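What's in start33.cif: mmCIF, C-alpha atoms, pLDDT in the B column; chains and numbers go by the auth columns
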```
data_protein
#
loop_
_atom_site.group_PDB
_atom_site.id
_atom_site.type_symbol
_atom_site.label_atom_id
_atom_site.label_comp_id
_atom_site.label_asym_id
_atom_site.label_seq_id
_atom_site.Cartn_x
_atom_site.Cartn_y
_atom_site.Cartn_z
_atom_site.B_iso_or_equiv
_atom_site.auth_seq_id
_atom_site.auth_asym_id
ATOM 1 C CA MET A 1 -23.271 33.624 -5.586 72.00 1 A
ATOM 2 C CA ASN A 2 -22.702 35.135 -2.141 83.00 2 A
ATOM 3 C CA PRO A 3 -25.800 35.915 -0.070 88.00 3 A
ATOM 4 C CA ALA A 4 -26.859 39.548 -0.223 93.00 4 A
ATOM 5 C CA VAL A 5 -25.547 41.970 2.383 93.00 5 A
ATOM 6 C CA PHE A 6 -28.189 44.011 4.200 95.00 6 A
ATOM 7 C CA VAL A 7 -27.560 47.281 5.990 95.00 7 A
ATOM 8 C CA ALA A 8 -29.260 47.223 9.395 94.00 8 A
ATOM 9 C CA LYS A 9 -28.046 50.574 10.673 96.00 9 A
ATOM 10 C CA GLU A 10 -26.045 53.467 9.266 97.00 10 A
ATOM 11 C CA SER A 11 -24.454 56.671 10.490 98.00 11 A
ATOM 12 C CA PHE A 12 -22.088 59.279 9.023 98.00 12 A
ATOM 13 C CA PHE A 13 -19.091 60.887 10.702 98.00 13 A
ATOM 14 C CA PRO A 14 -17.271 63.907 9.268 98.00 14 A
ATOM 15 C CA LEU A 15 -13.478 63.594 9.092 97.00 15 A
ATOM 16 C CA GLY A 16 -11.784 66.967 9.249 96.00 16 A
ATOM 17 C CA SER A 17 -9.751 67.090 12.448 95.00 17 A
ATOM 18 C CA ASP A 18 -8.177 65.141 15.315 94.00 18 A
ATOM 19 C CA ALA A 19 -11.464 65.516 17.204 95.00 19 A
ATOM 20 C CA ASP A 20 -13.358 63.944 14.297 97.00 20 A
ATOM 21 C CA VAL A 21 -10.957 60.981 14.266 97.00 21 A
ATOM 22 C CA LEU A 22 -11.701 60.502 17.975 96.00 22 A
ATOM 23 C CA ALA A 23 -15.447 60.687 17.359 97.00 23 A
ATOM 24 C CA ALA A 24 -15.179 58.137 14.525 98.00 24 A
ATOM 25 C CA ARG A 25 -13.199 55.796 16.787 97.00 25 A
ATOM 26 C CA ARG A 26 -15.771 56.156 19.567 97.00 26 A
ATOM 27 C CA GLY A 27 -18.624 55.487 17.153 98.00 27 A
ATOM 28 C CA VAL A 28 -17.006 52.284 15.906 98.00 28 A
ATOM 29 C CA ARG A 29 -16.172 51.153 19.455 98.00 29 A
ATOM 30 C CA GLU A 30 -19.763 51.712 20.586 98.00 30 A
ATOM 31 C CA TRP A 31 -21.315 49.828 17.662 98.00 31 A
ATOM 32 C CA ALA A 32 -18.742 47.038 17.970 98.00 32 A
ATOM 33 C CA ARG A 33 -19.919 46.573 21.554 97.00 33 A
ATOM 34 C CA ASP A 34 -23.579 46.733 20.482 97.00 34 A
ATOM 35 C CA ILE A 35 -23.234 43.877 17.999 97.00 35 A
ATOM 36 C CA GLY A 36 -21.141 41.814 20.400 96.00 36 A
ATOM 37 C CA LEU A 37 -17.658 41.861 18.857 97.00 37 A
ATOM 38 C CA THR A 38 -15.015 40.444 21.200 97.00 38 A
ATOM 39 C CA THR A 39 -12.653 42.882 22.930 97.00 39 A
ATOM 40 C CA LEU A 40 -9.875 41.818 20.553 97.00 40 A
ATOM 41 C CA ASP A 41 -11.964 42.203 17.373 97.00 41 A
ATOM 42 C CA SER A 42 -13.272 45.531 18.623 98.00 42 A
ATOM 43 C CA THR A 43 -9.720 46.732 19.350 98.00 43 A
ATOM 44 C CA LYS A 44 -8.649 45.680 15.853 98.00 44 A
ATOM 45 C CA VAL A 45 -11.459 47.420 14.018 98.00 45 A
ATOM 46 C CA VAL A 46 -11.138 50.593 16.126 98.00 46 A
ATOM 47 C CA THR A 47 -7.383 50.661 15.428 97.00 47 A
ATOM 48 C CA ALA A 48 -7.978 50.211 11.685 97.00 48 A
ATOM 49 C CA THR A 49 -10.528 53.038 11.887 98.00 49 A
ATOM 50 C CA SER A 50 -7.972 55.278 13.553 97.00 50 A
ATOM 51 C CA GLU A 51 -5.457 54.643 10.740 95.00 51 A
ATOM 52 C CA LEU A 52 -7.927 55.180 7.903 96.00 52 A
ATOM 53 C CA ALA A 53 -9.668 58.179 9.468 97.00 53 A
ATOM 54 C CA ARG A 54 -6.273 59.833 10.014 94.00 54 A
ATOM 55 C CA ASN A 55 -5.310 59.148 6.396 92.00 55 A
ATOM 56 C CA ALA A 56 -8.504 60.849 5.209 94.00 56 A
ATOM 57 C CA VAL A 57 -7.763 63.893 7.400 95.00 57 A
ATOM 58 C CA VAL A 58 -4.017 64.165 6.757 92.00 58 A
ATOM 59 C CA HIS A 59 -3.632 62.943 3.165 90.00 59 A
ATOM 60 C CA GLY A 60 -7.165 63.312 1.815 91.00 60 A
ATOM 61 C CA GLY A 61 -7.807 66.839 3.032 92.00 61 A
ATOM 62 C CA GLY A 62 -10.804 65.627 5.023 95.00 62 A
ATOM 63 C CA GLY A 63 -13.707 63.381 4.199 96.00 63 A
ATOM 64 C CA VAL A 64 -16.425 61.303 5.737 98.00 64 A
ATOM 65 C CA MET A 65 -16.819 57.910 7.378 98.00 65 A
ATOM 66 C CA CYS A 66 -19.965 55.904 6.730 98.00 66 A
ATOM 67 C CA LEU A 67 -20.464 53.345 9.505 98.00 67 A
ATOM 68 C CA GLN A 68 -22.880 50.463 9.059 98.00 68 A
ATOM 69 C CA VAL A 69 -24.080 47.367 10.848 98.00 69 A
ATOM 70 C CA VAL A 70 -24.373 44.754 8.085 97.00 70 A
ATOM 71 C CA ARG A 71 -26.010 41.345 7.922 96.00 71 A
ATOM 72 C CA GLN A 72 -25.255 38.562 5.487 94.00 72 A
ATOM 73 C CA ALA A 73 -27.160 35.294 5.895 91.00 73 A
ATOM 74 C CA ASP A 74 -26.767 34.550 9.612 91.00 74 A
ATOM 75 C CA ARG A 75 -23.715 36.681 10.299 94.00 75 A
ATOM 76 C CA GLN A 76 -23.438 40.255 11.443 96.00 76 A
ATOM 77 C CA GLY A 77 -20.589 42.709 11.196 97.00 77 A
ATOM 78 C CA LEU A 78 -19.410 46.298 11.090 98.00 78 A
ATOM 79 C CA ARG A 79 -18.639 48.000 7.805 98.00 79 A
ATOM 80 C CA ALA A 80 -16.902 51.369 7.632 98.00 80 A
ATOM 81 C CA SER A 81 -16.163 53.346 4.470 98.00 81 A
ATOM 82 C CA PHE A 82 -13.700 56.214 4.468 97.00 82 A
ATOM 83 C CA ARG A 83 -14.189 58.580 1.572 97.00 83 A
ATOM 84 C CA ASP A 84 -12.071 61.624 0.830 94.00 84 A
ATOM 85 C CA HIS A 85 -11.655 64.022 -2.065 91.00 85 A
ATOM 86 C CA GLY A 86 -7.903 64.240 -1.849 90.00 86 A
ATOM 87 C CA PRO A 87 -5.249 63.633 -4.519 89.00 87 A
ATOM 88 C CA GLY A 88 -5.932 59.885 -4.603 88.00 88 A
ATOM 89 C CA ILE A 89 -3.449 57.018 -4.447 85.00 89 A
ATOM 90 C CA PRO A 90 -1.677 56.699 -7.823 79.00 90 A
ATOM 91 C CA GLU A 91 -0.233 53.258 -7.199 79.00 91 A
ATOM 92 C CA ILE A 92 -2.434 51.229 -4.892 80.00 92 A
ATOM 93 C CA GLU A 93 -0.260 48.067 -5.001 79.00 93 A
ATOM 94 C CA LEU A 94 2.719 50.125 -3.818 81.00 94 A
ATOM 95 C CA ALA A 95 0.674 51.867 -1.121 79.00 95 A
ATOM 96 C CA MET A 96 -0.436 48.477 0.200 80.00 96 A
ATOM 97 C CA LYS A 97 3.163 47.369 0.773 80.00 97 A
ATOM 98 C CA ASP A 98 4.630 47.546 4.253 78.00 98 A
ATOM 99 C CA GLY A 99 7.037 50.421 4.625 73.00 99 A
ATOM 100 C CA TYR A 100 5.977 52.332 1.502 72.00 100 A
ATOM 101 C CA THR A 101 5.251 55.970 2.311 72.00 101 A
ATOM 102 C CA THR A 102 4.986 59.300 0.574 65.00 102 A
ATOM 103 C CA GLY A 103 3.706 61.216 3.557 61.00 103 A
ATOM 104 C CA GLY A 104 6.645 60.991 5.920 54.00 104 A
ATOM 105 C CA GLY A 105 4.954 58.340 8.049 61.00 105 A
ATOM 106 C CA MET A 106 6.099 54.790 8.549 57.00 106 A
ATOM 107 C CA GLY A 107 4.021 53.351 5.748 68.00 107 A
ATOM 108 C CA ILE A 108 2.243 50.794 7.885 75.00 108 A
ATOM 109 C CA GLY A 109 -1.193 52.428 8.032 81.00 109 A
ATOM 110 C CA LEU A 110 -2.822 50.859 4.955 89.00 110 A
ATOM 111 C CA PRO A 111 -1.267 47.375 4.953 91.00 111 A
ATOM 112 C CA GLY A 112 -1.542 47.301 8.752 92.00 112 A
ATOM 113 C CA ALA A 113 -5.219 48.233 8.709 95.00 113 A
ATOM 114 C CA ARG A 114 -5.871 45.515 6.104 95.00 114 A
ATOM 115 C CA ARG A 115 -4.458 42.870 8.445 95.00 115 A
ATOM 116 C CA LEU A 116 -6.839 43.972 11.211 97.00 116 A
ATOM 117 C CA VAL A 117 -10.091 43.394 9.336 97.00 117 A
ATOM 118 C CA ASN A 118 -11.819 40.608 7.375 97.00 118 A
ATOM 119 C CA ASP A 119 -12.590 42.525 4.168 96.00 119 A
ATOM 120 C CA PHE A 120 -10.661 45.472 2.794 96.00 120 A
ATOM 121 C CA HIS A 121 -11.319 47.306 -0.436 96.00 121 A
ATOM 122 C CA VAL A 122 -9.596 50.375 -1.887 94.00 122 A
ATOM 123 C CA SER A 123 -10.751 52.392 -4.829 93.00 123 A
ATOM 124 C CA SER A 124 -8.931 55.539 -5.753 91.00 124 A
ATOM 125 C CA THR A 125 -8.898 57.896 -8.692 91.00 125 A
ATOM 126 C CA PRO A 126 -6.046 60.397 -8.939 90.00 126 A
ATOM 127 C CA GLY A 127 -7.430 63.903 -8.645 89.00 127 A
ATOM 128 C CA VAL A 128 -10.848 62.686 -7.503 91.00 128 A
ATOM 129 C CA GLY A 129 -10.324 60.925 -4.188 92.00 129 A
ATOM 130 C CA THR A 130 -10.094 57.661 -2.345 93.00 130 A
ATOM 131 C CA CYS A 131 -12.647 55.341 -0.798 95.00 131 A
ATOM 132 C CA ILE A 132 -11.534 52.546 1.511 96.00 132 A
ATOM 133 C CA THR A 133 -14.066 50.085 2.889 97.00 133 A
ATOM 134 C CA ILE A 134 -13.415 47.659 5.745 97.00 134 A
ATOM 135 C CA VAL A 135 -15.598 44.945 7.274 97.00 135 A
ATOM 136 C CA ARG A 136 -15.132 43.078 10.515 97.00 136 A
ATOM 137 C CA TRP A 137 -17.534 40.145 10.954 97.00 137 A
ATOM 138 C CA ARG A 138 -18.559 38.860 14.337 95.00 138 A
ATOM 139 C CA ALA A 139 -16.715 35.626 15.002 82.00 139 A
ATOM 140 C CA MET B 1 -10.131 71.816 20.375 52.00 1 B
ATOM 141 C CA ALA B 2 -8.610 73.287 23.547 61.00 2 B
ATOM 142 C CA VAL B 3 -4.954 72.480 24.141 70.00 3 B
ATOM 143 C CA GLU B 4 -4.940 69.546 26.522 86.00 4 B
ATOM 144 C CA ARG B 5 -1.909 68.336 28.426 92.00 5 B
ATOM 145 C CA ILE B 6 -1.198 65.039 30.089 95.00 6 B
ATOM 146 C CA PRO B 7 0.302 65.582 33.569 95.00 7 B
ATOM 147 C CA ILE B 8 3.871 64.433 34.209 96.00 8 B
ATOM 148 C CA LEU B 9 4.531 63.463 37.845 96.00 9 B
ATOM 149 C CA ARG B 10 7.996 63.332 39.360 94.00 10 B
ATOM 150 C CA MET B 11 8.931 60.629 41.862 90.00 11 B
ATOM 151 C CA GLY B 12 12.585 60.984 42.819 89.00 12 B
ATOM 152 C CA LYS B 13 14.538 60.532 39.625 89.00 13 B
ATOM 153 C CA CYS B 14 11.547 59.045 37.845 92.00 14 B
ATOM 154 C CA LEU B 15 8.824 60.602 35.739 95.00 15 B
ATOM 155 C CA LEU B 16 5.413 58.961 35.847 95.00 16 B
ATOM 156 C CA VAL B 17 2.893 59.577 33.096 96.00 17 B
ATOM 157 C CA THR B 18 -0.529 57.989 33.323 95.00 18 B
ATOM 158 C CA ILE B 19 -2.509 58.387 30.137 95.00 19 B
ATOM 159 C CA GLN B 20 -6.180 58.395 31.068 92.00 20 B
ATOM 160 C CA VAL B 21 -7.727 60.088 28.064 92.00 21 B
ATOM 161 C CA ASP B 22 -8.222 58.998 24.469 91.00 22 B
ATOM 162 C CA MET B 23 -5.048 59.860 22.585 93.00 23 B
ATOM 163 C CA TYR B 24 -5.153 61.913 19.432 92.00 24 B
ATOM 164 C CA ASP B 25 -2.247 63.041 17.313 93.00 25 B
ATOM 165 C CA GLN B 26 -1.729 66.562 18.675 93.00 26 B
ATOM 166 C CA LEU B 27 -1.962 65.336 22.260 94.00 27 B
ATOM 167 C CA ALA B 28 0.682 62.678 21.510 94.00 28 B
ATOM 168 C CA ILE B 29 3.014 65.280 19.995 94.00 29 B
ATOM 169 C CA THR B 30 2.507 67.621 22.966 95.00 30 B
ATOM 170 C CA LEU B 31 3.250 64.804 25.412 95.00 31 B
ATOM 171 C CA GLN B 32 6.408 63.809 23.539 95.00 32 B
ATOM 172 C CA ASN B 33 7.677 67.400 23.648 95.00 33 B
ATOM 173 C CA ASP B 34 6.704 67.949 27.301 95.00 34 B
ATOM 174 C CA LEU B 35 8.392 64.699 28.324 95.00 35 B
ATOM 175 C CA SER B 36 11.592 65.471 26.430 94.00 36 B
ATOM 176 C CA ARG B 37 11.767 68.843 28.172 95.00 37 B
ATOM 177 C CA ALA B 38 11.016 67.355 31.590 95.00 38 B
ATOM 178 C CA ILE B 39 13.725 64.711 31.163 94.00 39 B
ATOM 179 C CA ALA B 40 16.292 67.292 30.145 92.00 40 B
ATOM 180 C CA ALA B 41 15.323 69.902 32.749 92.00 41 B
ATOM 181 C CA GLN B 42 15.999 67.841 35.849 84.00 42 B
ATOM 182 C CA GLU B 43 18.035 64.806 36.661 86.00 43 B
ATOM 183 C CA THR B 44 15.880 61.961 35.434 91.00 44 B
ATOM 184 C CA ASN B 45 16.882 58.388 34.818 89.00 45 B
ATOM 185 C CA CYS B 46 13.555 56.765 34.216 91.00 46 B
ATOM 186 C CA VAL B 47 10.210 57.368 32.608 94.00 47 B
ATOM 187 C CA LEU B 48 7.189 55.207 33.336 95.00 48 B
ATOM 188 C CA LEU B 49 4.416 55.504 30.771 96.00 49 B
ATOM 189 C CA ASP B 50 1.248 53.878 32.099 96.00 50 B
ATOM 190 C CA ILE B 51 -1.048 53.122 29.152 96.00 51 B
ATOM 191 C CA SER B 52 -3.383 50.686 30.926 95.00 52 B
ATOM 192 C CA ALA B 53 -6.358 52.955 30.226 95.00 53 B
ATOM 193 C CA LEU B 54 -5.644 53.158 26.473 95.00 54 B
ATOM 194 C CA GLU B 55 -8.138 51.130 24.435 94.00 55 B
ATOM 195 C CA ILE B 56 -6.064 51.328 21.279 96.00 56 B
ATOM 196 C CA VAL B 57 -2.525 52.159 20.198 95.00 57 B
ATOM 197 C CA ASP B 58 -2.352 52.920 16.492 94.00 58 B
ATOM 198 C CA SER B 59 0.726 53.584 14.357 92.00 59 B
ATOM 199 C CA PHE B 60 0.923 57.256 15.349 92.00 60 B
ATOM 200 C CA ILE B 61 0.687 56.637 19.104 94.00 61 B
ATOM 201 C CA GLY B 62 3.039 53.669 18.732 93.00 62 B
ATOM 202 C CA ARG B 63 5.559 55.871 16.979 91.00 63 B
ATOM 203 C CA MET B 64 5.224 58.455 19.764 92.00 64 B
ATOM 204 C CA LEU B 65 6.007 55.767 22.356 93.00 65 B
ATOM 205 C CA ALA B 66 9.049 54.605 20.374 93.00 66 B
ATOM 206 C CA ASN B 67 10.285 58.167 19.785 93.00 67 B
ATOM 207 C CA THR B 68 9.859 59.094 23.436 93.00 68 B
ATOM 208 C CA ALA B 69 11.901 56.062 24.485 93.00 69 B
ATOM 209 C CA ALA B 70 14.619 56.909 21.948 93.00 70 B
ATOM 210 C CA ILE B 71 14.794 60.582 22.973 93.00 71 B
ATOM 211 C CA GLY B 72 14.800 59.594 26.657 93.00 72 B
ATOM 212 C CA ARG B 73 17.685 57.198 26.114 91.00 73 B
ATOM 213 C CA ILE B 74 19.777 59.895 24.449 93.00 74 B
ATOM 214 C CA LEU B 75 19.025 62.194 27.396 93.00 75 B
ATOM 215 C CA GLY B 76 19.996 59.480 29.899 90.00 76 B
ATOM 216 C CA ALA B 77 16.625 58.050 30.908 92.00 77 B
ATOM 217 C CA GLU B 78 15.174 54.589 30.379 91.00 78 B
ATOM 218 C CA THR B 79 11.510 54.417 29.400 93.00 79 B
ATOM 219 C CA VAL B 80 9.187 51.620 30.412 94.00 80 B
ATOM 220 C CA VAL B 81 5.721 51.306 28.923 95.00 81 B
ATOM 221 C CA VAL B 82 3.461 49.663 31.484 96.00 82 B
ATOM 222 C CA GLY B 83 0.008 48.124 31.539 96.00 83 B
ATOM 223 C CA MET B 84 -0.649 47.557 27.847 95.00 84 B
ATOM 224 C CA GLN B 85 -3.864 45.567 27.467 95.00 85 B
ATOM 225 C CA PRO B 86 -3.416 42.176 25.770 95.00 86 B
ATOM 226 C CA ALA B 87 -5.830 43.063 22.938 97.00 87 B
ATOM 227 C CA VAL B 88 -3.807 46.234 22.303 96.00 88 B
ATOM 228 C CA ALA B 89 -0.547 44.268 22.193 95.00 89 B
ATOM 229 C CA ILE B 90 -1.942 41.692 19.730 96.00 90 B
ATOM 230 C CA THR B 91 -3.372 44.451 17.528 96.00 91 B
ATOM 231 C CA LEU B 92 -0.093 46.393 17.527 94.00 92 B
ATOM 232 C CA VAL B 93 1.878 43.383 16.345 93.00 93 B
ATOM 233 C CA GLU B 94 -0.653 42.599 13.591 94.00 94 B
ATOM 234 C CA LEU B 95 -0.561 46.227 12.568 93.00 95 B
ATOM 235 C CA GLY B 96 3.180 45.788 12.062 90.00 96 B
ATOM 236 C CA LEU B 97 4.578 47.644 15.055 89.00 97 B
ATOM 237 C CA SER B 98 6.557 45.476 17.427 84.00 98 B
ATOM 238 C CA LEU B 99 7.979 48.357 19.499 86.00 99 B
ATOM 239 C CA ARG B 100 11.489 46.912 19.475 82.00 100 B
ATOM 240 C CA GLY B 101 13.800 48.674 21.889 79.00 101 B
ATOM 241 C CA ILE B 102 11.028 49.653 24.289 89.00 102 B
ATOM 242 C CA HIS B 103 11.000 48.166 27.770 91.00 103 B
ATOM 243 C CA THR B 104 7.593 46.977 28.868 93.00 104 B
ATOM 244 C CA ALA B 105 6.140 45.769 32.149 95.00 105 B
ATOM 245 C CA LEU B 106 2.744 44.529 33.263 94.00 106 B
ATOM 246 C CA ASP B 107 2.197 47.227 35.892 93.00 107 B
ATOM 247 C CA VAL B 108 3.809 50.296 37.455 91.00 108 B
ATOM 248 C CA GLU B 109 5.393 48.340 40.316 92.00 109 B
ATOM 249 C CA ARG B 110 7.136 45.912 37.964 94.00 110 B
ATOM 250 C CA GLY B 111 8.068 48.792 35.682 93.00 111 B
ATOM 251 C CA MET B 112 9.681 50.590 38.611 89.00 112 B
ATOM 252 C CA ALA B 113 11.704 47.491 39.508 91.00 113 B
ATOM 253 C CA LEU B 114 12.805 47.173 35.883 90.00 114 B
ATOM 254 C CA VAL B 115 14.082 50.746 35.566 82.00 115 B
ATOM 255 C CA GLU B 116 15.838 50.549 38.927 79.00 116 B
ATOM 256 C CA ARG B 117 17.734 47.489 37.715 84.00 117 B
ATOM 257 C CA ALA B 118 18.528 49.216 34.420 77.00 118 B
ATOM 258 C CA ALA B 119 19.721 52.351 36.227 71.00 119 B
ATOM 259 C CA ALA B 120 21.879 50.269 38.579 77.00 120 B
ATOM 260 C CA ALA B 121 23.434 48.495 35.599 79.00 121 B
ATOM 261 C CA ARG B 122 24.271 51.852 34.003 70.00 122 B
ATOM 262 C CA ALA B 123 25.888 53.271 37.156 67.00 123 B
#
```
Show me, as structure tokens, the structure contained in the file I just sent.
Amino acid sequence: MNPAVFVAKESFFPLGSDADVLAARRGVREWARDIGLTTLDSTKVVTATSELARNAVVHGGGGVMCLQVVRQADRQGLRASFRDHGPGIPEIELAMKDGYTTGGGMGIGLPGARRLVNDFHVSSTPGVGTCITIVRWRA
Amino acid sequence: MAVERIPILRMGKCLLVTIQVDMYDQLAITLQNDLSRAIAAQETNCVLLDISALEIVDSFIGRMLANTAAIGRILGAETVVVGMQPAVAITLVELGLSLRGIHTALDVERGMALVERAAAARA
């Protein structure tokens, strides 16, 4: 069994506009610095945040980001969950493929964001909404 | 949010854009439109986009850079993206954006030399 994950710190960010996406990015950047992520790991997790926060605003009709500092055994990391109440993702496997898009974008947001973090989890129910959780552990 | 604009400086036949604020989608769209207009309005053969102050480039900003370069080329100007931080470059490639077709340089001086060579080759 994996050691339990403890939440050391938590904050919520509304996602309804460009300005909110910026605020979410800044929040993640600040906490990444606080827990001592490298510049590269911080850049990766902030970029993933930008993709997922935009998705929640543009495709999910707005939502919320829950940002946490998490601890598991002797490691520490950042966990961010992006929850929206949009139409949901009907076919998650398709949406996770590079180049697949329904929104007129390039279709790299979801699969790209997954490559930038250590853990990535999507749950989505059509008509109810989508929740995507990412974790970046300190190396 | 108030409508912000990123200043576009003209140096001879070159346009210099130094992005010193956090980019968000509307600002990127505004810049792309302003730049396209500026290239078309006066004789311009190069655009230098200094992104050394940008802490991230995500898929939307990356697409704006690629679109700007493509529009510029059609209008007769070469675009060079200068000063991308190494962490930003690594992240962009992992994200899946390799920015093919965009000229890049480490700093403005090298970018200037690059576009001058490109312009000379065109002439």
Compute the chain B side of the contact with chain A at 12 Å, counting only C-alpha atoms, and hand it back as a PDB file with C-alpha atoms, in the frame of the given file.
```pdb
ATOM      1  CA  MET B   1     -10.131  71.816  20.375  1.00 52.00           C
ATOM      2  CA  ALA B   2      -8.610  73.287  23.547  1.00 61.00           C
ATOM      3  CA  VAL B   3      -4.954  72.480  24.141  1.00 70.00           C
ATOM      4  CA  VAL B  21      -7.727  60.088  28.064  1.00 92.00           C
ATOM      5  CA  ASP B  22      -8.222  58.998  24.469  1.00 91.00           C
ATOM      6  CA  MET B  23      -5.048  59.860  22.585  1.00 93.00           C
ATOM      7  CA  TYR B  24      -5.153  61.913  19.432  1.00 92.00           C
ATOM      8  CA  ASP B  25      -2.247  63.041  17.313  1.00 93.00           C
ATOM      9  CA  GLN B  26      -1.729  66.562  18.675  1.00 93.00           C
ATOM     10  CA  LEU B  27      -1.962  65.336  22.260  1.00 94.00           C
ATOM     11  CA  ALA B  28       0.682  62.678  21.510  1.00 94.00           C
ATOM     12  CA  LEU B  54      -5.644  53.158  26.473  1.00 95.00           C
ATOM     13  CA  GLU B  55      -8.138  51.130  24.435  1.00 94.00           C
ATOM     14  CA  ILE B  56      -6.064  51.328  21.279  1.00 96.00           C
ATOM     15  CA  VAL B  57      -2.525  52.159  20.198  1.00 95.00           C
ATOM     16  CA  ASP B  58      -2.352  52.920  16.492  1.00 94.00           C
ATOM     17  CA  SER B  59       0.726  53.584  14.357  1.00 92.00           C
ATOM     18  CA  PHE B  60       0.923  57.256  15.349  1.00 92.00           C
ATOM     19  CA  ILE B  61       0.687  56.637  19.104  1.00 94.00           C
ATOM     20  CA  GLY B  62       3.039  53.669  18.732  1.00 93.00           C
ATOM     21  CA  ARG B  63       5.559  55.871  16.979  1.00 91.00           C
ATOM     22  CA  MET B  64       5.224  58.455  19.764  1.00 92.00           C
ATOM     23  CA  GLN B  85      -3.864  45.567  27.467  1.00 95.00           C
ATOM     24  CA  PRO B  86      -3.416  42.176  25.770  1.00 95.00           C
ATOM     25  CA  ALA B  87      -5.830  43.063  22.938  1.00 97.00           C
ATOM     26  CA  VAL B  88      -3.807  46.234  22.303  1.00 96.00           C
ATOM     27  CA  ALA B  89      -0.547  44.268  22.193  1.00 95.00           C
ATOM     28  CA  ILE B  90      -1.942  41.692  19.730  1.00 96.00           C
ATOM     29  CA  THR B  91      -3.372  44.451  17.528  1.00 96.00           C
ATOM     30  CA  LEU B  92      -0.093  46.393  17.527  1.00 94.00           C
ATOM     31  CA  VAL B  93       1.878  43.383  16.345  1.00 93.00           C
ATOM     32  CA  GLU B  94      -0.653  42.599  13.591  1.00 94.00           C
ATOM     33  CA  LEU B  95      -0.561  46.227  12.568  1.00 93.00           C
ATOM     34  CA  GLY B  96       3.180  45.788  12.062  1.00 90.00           C
ATOM     35  CA  LEU B  97       4.578  47.644  15.055  1.00 89.00           C
ATOM     36  CA  SER B  98       6.557  45.476  17.427  1.00 84.00           C
TER      37      SER B  98
END
```
Taking only C-alpha atoms into account, which of A:Met1, A:Ala23, A:Cys131, A:Leu15 comes nearest Ile92 of chain A?
A:Cys131
Evaluate the PyMOL selection byres ((chain B and resi 115) around 8) against this structure - the residues, as a PyMOL selection string, please.
chain B and resi 46+78-80+111-114+116-119
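Pairwise distance (atom CA of Gly12 of chain B, atom CA of Asn45 of chain B) equals 9.4 Å.
Distance annotation: of A:Gln76, A:Ser123, A:Ser11, A:Ser81, the residue with the minimal separation from Leu37 of chain A is A:Gln76; atom set is all atoms listed in the file.
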